[in-house]
Amino acid sequence: MIALILRELRLAAAGGAALLPLIFFLLVATLFPFAVGPDGPLLARTGGGALWMAALLAALLPVDRLIEPDRASGVLDQLAMRGISEEMVALAKLAGHWLSFGPPLMLAAIPAAGLMKLQQEVLVRLELSLLIGTPGLAALTLGVAALTAGLRRSAALAGLLMLPLAVPLLIFGAGHLERGNESGALQWLGAISLLLVAGAPFAAGAAIRAGRD
Amino acid sequence: MSALLALEGVTCRRGGRILFEGLDLKLTAGEAALVTGPNGAGKSSLIRLAAGLLRPAAGTVERGDAALADEHLALDERQCLADALSFWVVNGGSGLEAMGIAHLADVPVRILSAGQRKRAALARVIAGKAALWLLDEPANGLDADGQARLEAAMAAHRAAGGAVLAATHQPLALGAAKPVTLG
């Protein structure tokens, strides 16, 4: 299991691919003030939501290299031959995917919050909601990656499939920024994220198996 | 003696078409079977059925631990051959020497030739230390030396109590192998 996760991290790091979500996230944070204009209070009000959008899209970026290369090169078949269940492979991929983009994104959120003129307490809420919400985003990406593996030009379809499913995460993740704990958004975010993380390995495992026929 | 592979009444259906029906095959330690038949007869499907990667439309498939070599190399292209193989090695011994590619150990997988990739796939099978080898067209792309090494490796594996199920349309020296003719 640990060897599998390490392999995922190595693949993610290969060729600097792991930096892509991070750079994308920071780029959005840089561009957003240009689009909205240098209005401090307006930026501070809308910036948190924009960062959550950026996190969502950043999680989606590696969707076409999560499952498909291993399916095409026969690695998934070979792992099955070793008696490692597809669900276990999916769980390792989920952990590897989250480790490669979740924590870096939380680090990048600090300079991004500065660009958005977010208050300190909003930054703390953002970090907390990212910590709880990004595993859910990783789970969604994994499930969609498994469903679309083997299809040609699957990246666009994966985006169409995943983004509507990510709406609850977005609502409660960004909702927590506005009003903090009194809204109960964080609990909802945690519940949805947990549900996705628990369900994704089974959905992805079933999709990998179905993809063999 | 318990069977390393037991197929009973296996029917294979692909895309709504029945490829073969009621196939029985049993392999115990030291035994081998050679699957032959024209293109599209279901040789590769039989290998994948035995591997458990396809489900039979009818019948049962039972096997212990097995290693599979098909057209997919399943080695990370960016890594050098020795590192990529080491992910699959069980209890040491990478199989590089047996397939005569030890000199390629530090060459990246992506620049290997077709024949070298085939040898690497067979080295991965050797490295897996499984009792049952499932080989789909193992001699494809191999030169005379490669084929001799493949045949020696299969003979050594059977002498050590293993079994081999190989599908091929090329002549392959596999002494006293059970013939399985499809199509």
# chains A, B, ... in the order shown; residues from 1 in each chain; ligands from 1
>>> interface_residues(of="chain A", to="chain B", cutoff="12 Å", atoms="only C-alpha atoms", output="ChimeraX atom specification")
/A:3-4,6-8,10-11,13-15,69-86,208-213
>>> residues_around(residues="range 9-11 of chain B", least_positions_apart="5", cutoff="8 Å", atoms="only C-alpha atoms", output="ChimeraX atom specification")
/B:18-24,56-61
>>> closest_residue(among="A:Ala158, A:Leu57, A:Leu115, A:Ala92", to="Thr30 in chain A", atoms="only C-alpha atoms")
A:Leu115
>>> closest_atom_pairs(of="range 60-87 of chain A", to="range 132-151 of chain A", cutoff="9 Å", atoms="only C-alpha atoms", output="tab-separated table")
residue	atom	partner	partner_atom	distance
A:Leu60	CA	A:Thr141	CA	5.9
A:Leu61	CA	A:Thr141	CA	8.9
A:Pro62	CA	A:Thr141	CA	8.4
A:Val63	CA	A:Ala145	CA	5.4
A:Asp64	CA	A:Ala145	CA	6.4
A:Arg65	CA	A:Ala145	CA	8.1
A:Leu66	CA	A:Ala145	CA	6.4
A:Ile67	CA	A:Ala146	CA	5.8
A:Glu68	CA	A:Ala149	CA	4.8
A:Pro69	CA	A:Ala149	CA	8.6
A:Arg71	CA	A:Ala149	CA	7.4
A:Ala72	CA	A:Gly150	CA	7.6
>>> closest_residue(among="B:Leu150, B:Ala82, B:Pro108, B:Leu49", to="Leu122 in chain B", atoms="only C-alpha atoms")
B:Leu150
>>> closest_residue(among="B:Ile47, B:Leu134, B:Val35, B:Leu142", to="Gln116 in chain B", atoms="only C-alpha atoms")
B:Leu142
>>> closest_residue(among="B:Ser94, B:Asn140, B:Gln147, B:Ser113", to="His169 in chain B", atoms="only C-alpha atoms")
B:Asn140
>>> closest_residue(among="A:Leu189, A:Leu196, A:Ala113, A:Ala155", to="His176 in chain A", atoms="only C-alpha atoms")
A:Leu189
>>> decode(residues="range 138-176 of chain B", atoms="N, CA and C atoms", output="PDB file, in the first residue's frame")
ATOM      1  N   PRO B 138       4.450 -15.012 -26.268  1.00  0.00           N
ATOM      2  CA  PRO B 138       5.702 -14.638 -25.603  1.00  0.00           C
ATOM      3  C   PRO B 138       6.875 -14.496 -26.565  1.00  0.00           C
ATOM      4  N   ALA B 139       6.806 -15.151 -27.736  1.00  0.00           N
ATOM      5  CA  ALA B 139       7.965 -15.145 -28.637  1.00  0.00           C
ATOM      6  C   ALA B 139       7.872 -14.042 -29.681  1.00  0.00           C
ATOM      7  N   ASN B 140       6.771 -13.256 -29.641  1.00  0.00           N
ATOM      8  CA  ASN B 140       6.615 -12.172 -30.616  1.00  0.00           C
ATOM      9  C   ASN B 140       7.751 -11.166 -30.512  1.00  0.00           C
ATOM     10  N   GLY B 141       8.460 -10.938 -31.610  1.00  0.00           N
ATOM     11  CA  GLY B 141       9.487  -9.903 -31.621  1.00  0.00           C
ATOM     12  C   GLY B 141      10.818 -10.347 -31.050  1.00  0.00           C
ATOM     13  N   LEU B 142      10.892 -11.595 -30.571  1.00  0.00           N
ATOM     14  CA  LEU B 142      12.163 -12.061 -30.005  1.00  0.00           C
ATOM     15  C   LEU B 142      13.065 -12.598 -31.123  1.00  0.00           C
ATOM     16  N   ASP B 143      14.373 -12.378 -30.985  1.00  0.00           N
ATOM     17  CA  ASP B 143      15.317 -12.987 -31.923  1.00  0.00           C
ATOM     18  C   ASP B 143      15.617 -14.422 -31.470  1.00  0.00           C
ATOM     19  N   ALA B 144      16.505 -15.114 -32.203  1.00  0.00           N
ATOM     20  CA  ALA B 144      16.772 -16.525 -31.902  1.00  0.00           C
ATOM     21  C   ALA B 144      17.289 -16.693 -30.477  1.00  0.00           C
ATOM     22  N   ASP B 145      18.192 -15.779 -30.066  1.00  0.00           N
ATOM     23  CA  ASP B 145      18.741 -15.861 -28.713  1.00  0.00           C
ATOM     24  C   ASP B 145      17.634 -15.642 -27.677  1.00  0.00           C
ATOM     25  N   GLY B 146      16.775 -14.652 -27.941  1.00  0.00           N
ATOM     26  CA  GLY B 146      15.675 -14.367 -27.019  1.00  0.00           C
ATOM     27  C   GLY B 146      14.741 -15.546 -26.885  1.00  0.00           C
ATOM     28  N   GLN B 147      14.431 -16.185 -28.028  1.00  0.00           N
ATOM     29  CA  GLN B 147      13.526 -17.335 -27.986  1.00  0.00           C
ATOM     30  C   GLN B 147      14.165 -18.500 -27.228  1.00  0.00           C
ATOM     31  N   ALA B 148      15.471 -18.703 -27.440  1.00  0.00           N
ATOM     32  CA  ALA B 148      16.167 -19.779 -26.711  1.00  0.00           C
ATOM     33  C   ALA B 148      16.121 -19.504 -25.207  1.00  0.00           C
ATOM     34  N   ARG B 149      16.325 -18.237 -24.822  1.00  0.00           N
ATOM     35  CA  ARG B 149      16.281 -17.889 -23.397  1.00  0.00           C
ATOM     36  C   ARG B 149      14.880 -18.073 -22.822  1.00  0.00           C
ATOM     37  N   LEU B 150      13.864 -17.713 -23.627  1.00  0.00           N
ATOM     38  CA  LEU B 150      12.480 -17.899 -23.194  1.00  0.00           C
ATOM     39  C   LEU B 150      12.199 -19.373 -22.946  1.00  0.00           C
ATOM     40  N   GLU B 151      12.618 -20.230 -23.919  1.00  0.00           N
ATOM     41  CA  GLU B 151      12.355 -21.662 -23.785  1.00  0.00           C
ATOM     42  C   GLU B 151      13.106 -22.240 -22.591  1.00  0.00           C
ATOM     43  N   ALA B 152      14.339 -21.766 -22.370  1.00  0.00           N
ATOM     44  CA  ALA B 152      15.113 -22.242 -21.213  1.00  0.00           C
ATOM     45  C   ALA B 152      14.440 -21.820 -19.917  1.00  0.00           C
ATOM     46  N   ALA B 153      13.941 -20.565 -19.889  1.00  0.00           N
ATOM     47  CA  ALA B 153      13.299 -20.064 -18.672  1.00  0.00           C
ATOM     48  C   ALA B 153      12.036 -20.855 -18.369  1.00  0.00           C
ATOM     49  N   MET B 154      11.250 -21.175 -19.415  1.00  0.00           N
ATOM     50  CA  MET B 154      10.019 -21.947 -19.203  1.00  0.00           C
ATOM     51  C   MET B 154      10.353 -23.350 -18.706  1.00  0.00           C
ATOM     52  N   ALA B 155      11.404 -23.961 -19.303  1.00  0.00           N
ATOM     53  CA  ALA B 155      11.792 -25.312 -18.873  1.00  0.00           C
ATOM     54  C   ALA B 155      12.242 -25.288 -17.417  1.00  0.00           C
ATOM     55  N   ALA B 156      13.042 -24.273 -17.046  1.00  0.00           N
ATOM     56  CA  ALA B 156      13.532 -24.178 -15.663  1.00  0.00           C
ATOM     57  C   ALA B 156      12.367 -23.960 -14.695  1.00  0.00           C
ATOM     58  N   HIS B 157      11.410 -23.144 -15.125  1.00  0.00           N
ATOM     59  CA  HIS B 157      10.252 -22.856 -14.275  1.00  0.00           C
ATOM     60  C   HIS B 157       9.441 -24.127 -14.022  1.00  0.00           C
ATOM     61  N   ARG B 158       9.265 -24.929 -15.100  1.00  0.00           N
ATOM     62  CA  ARG B 158       8.497 -26.169 -14.937  1.00  0.00           C
ATOM     63  C   ARG B 158       9.270 -27.173 -14.089  1.00  0.00           C
ATOM     64  N   ALA B 159      10.591 -27.214 -14.264  1.00  0.00           N
ATOM     65  CA  ALA B 159      11.398 -28.137 -13.468  1.00  0.00           C
ATOM     66  C   ALA B 159      11.322 -27.777 -11.990  1.00  0.00           C
ATOM     67  N   ALA B 160      11.109 -26.482 -11.709  1.00  0.00           N
ATOM     68  CA  ALA B 160      11.041 -26.028 -10.316  1.00  0.00           C
ATOM     69  C   ALA B 160       9.625 -26.136  -9.755  1.00  0.00           C
ATOM     70  N   GLY B 161       8.717 -26.812 -10.507  1.00  0.00           N
ATOM     71  CA  GLY B 161       7.375 -27.029  -9.969  1.00  0.00           C
ATOM     72  C   GLY B 161       6.363 -26.007 -10.416  1.00  0.00           C
ATOM     73  N   GLY B 162       6.696 -25.217 -11.432  1.00  0.00           N
ATOM     74  CA  GLY B 162       5.735 -24.248 -11.942  1.00  0.00           C
ATOM     75  C   GLY B 162       4.950 -24.817 -13.112  1.00  0.00           C
ATOM     76  N   ALA B 163       4.021 -24.004 -13.615  1.00  0.00           N
ATOM     77  CA  ALA B 163       3.240 -24.401 -14.793  1.00  0.00           C
ATOM     78  C   ALA B 163       3.186 -23.221 -15.748  1.00  0.00           C
ATOM     79  N   VAL B 164       3.003 -23.542 -17.036  1.00  0.00           N
ATOM     80  CA  VAL B 164       3.000 -22.505 -18.062  1.00  0.00           C
ATOM     81  C   VAL B 164       1.777 -22.678 -18.954  1.00  0.00           C
ATOM     82  N   LEU B 165       1.046 -21.586 -19.177  1.00  0.00           N
ATOM     83  CA  LEU B 165      -0.006 -21.567 -20.192  1.00  0.00           C
ATOM     84  C   LEU B 165       0.404 -20.517 -21.207  1.00  0.00           C
ATOM     85  N   ALA B 166       0.730 -20.970 -22.423  1.00  0.00           N
ATOM     86  CA  ALA B 166       1.230 -20.032 -23.428  1.00  0.00           C
ATOM     87  C   ALA B 166       0.320 -20.066 -24.649  1.00  0.00           C
ATOM     88  N   ALA B 167       0.023 -18.893 -25.176  1.00  0.00           N
ATOM     89  CA  ALA B 167      -0.738 -18.791 -26.418  1.00  0.00           C
ATOM     90  C   ALA B 167       0.184 -18.253 -27.489  1.00  0.00           C
ATOM     91  N   THR B 168       0.227 -18.925 -28.627  1.00  0.00           N
ATOM     92  CA  THR B 168       1.151 -18.480 -29.665  1.00  0.00           C
ATOM     93  C   THR B 168       0.692 -18.946 -31.034  1.00  0.00           C
ATOM     94  N   HIS B 169       1.103 -18.254 -32.070  1.00  0.00           N
ATOM     95  CA  HIS B 169       0.899 -18.767 -33.426  1.00  0.00           C
ATOM     96  C   HIS B 169       2.246 -19.067 -34.076  1.00  0.00           C
ATOM     97  N   GLN B 170       3.306 -19.001 -33.228  1.00  0.00           N
ATOM     98  CA  GLN B 170       4.634 -19.326 -33.727  1.00  0.00           C
ATOM     99  C   GLN B 170       5.080 -20.650 -33.122  1.00  0.00           C
ATOM    100  N   PRO B 171       6.001 -21.349 -33.805  1.00  0.00           N
ATOM    101  CA  PRO B 171       6.531 -22.572 -33.179  1.00  0.00           C
ATOM    102  C   PRO B 171       7.281 -22.229 -31.896  1.00  0.00           C
ATOM    103  N   LEU B 172       6.953 -22.952 -30.823  1.00  0.00           N
ATOM    104  CA  LEU B 172       7.555 -22.673 -29.526  1.00  0.00           C
ATOM    105  C   LEU B 172       7.855 -24.012 -28.875  1.00  0.00           C
ATOM    106  N   ALA B 173       9.118 -24.223 -28.521  1.00  0.00           N
ATOM    107  CA  ALA B 173       9.501 -25.496 -27.918  1.00  0.00           C
ATOM    108  C   ALA B 173       9.036 -25.535 -26.472  1.00  0.00           C
ATOM    109  N   LEU B 174       7.997 -26.323 -26.221  1.00  0.00           N
ATOM    110  CA  LEU B 174       7.439 -26.430 -24.873  1.00  0.00           C
ATOM    111  C   LEU B 174       7.163 -27.920 -24.675  1.00  0.00           C
ATOM    112  N   GLY B 175       8.186 -28.640 -24.168  1.00  0.00           N
ATOM    113  CA  GLY B 175       8.144 -30.090 -24.159  1.00  0.00           C
ATOM    114  C   GLY B 175       6.914 -30.658 -23.479  1.00  0.00           C
ATOM    115  N   ALA B 176       6.266 -31.654 -24.109  1.00  0.00           N
ATOM    116  CA  ALA B 176       5.125 -32.369 -23.541  1.00  0.00           C
ATOM    117  C   ALA B 176       4.027 -31.426 -23.074  1.00  0.00           C
TER     118      ALA B 176
END
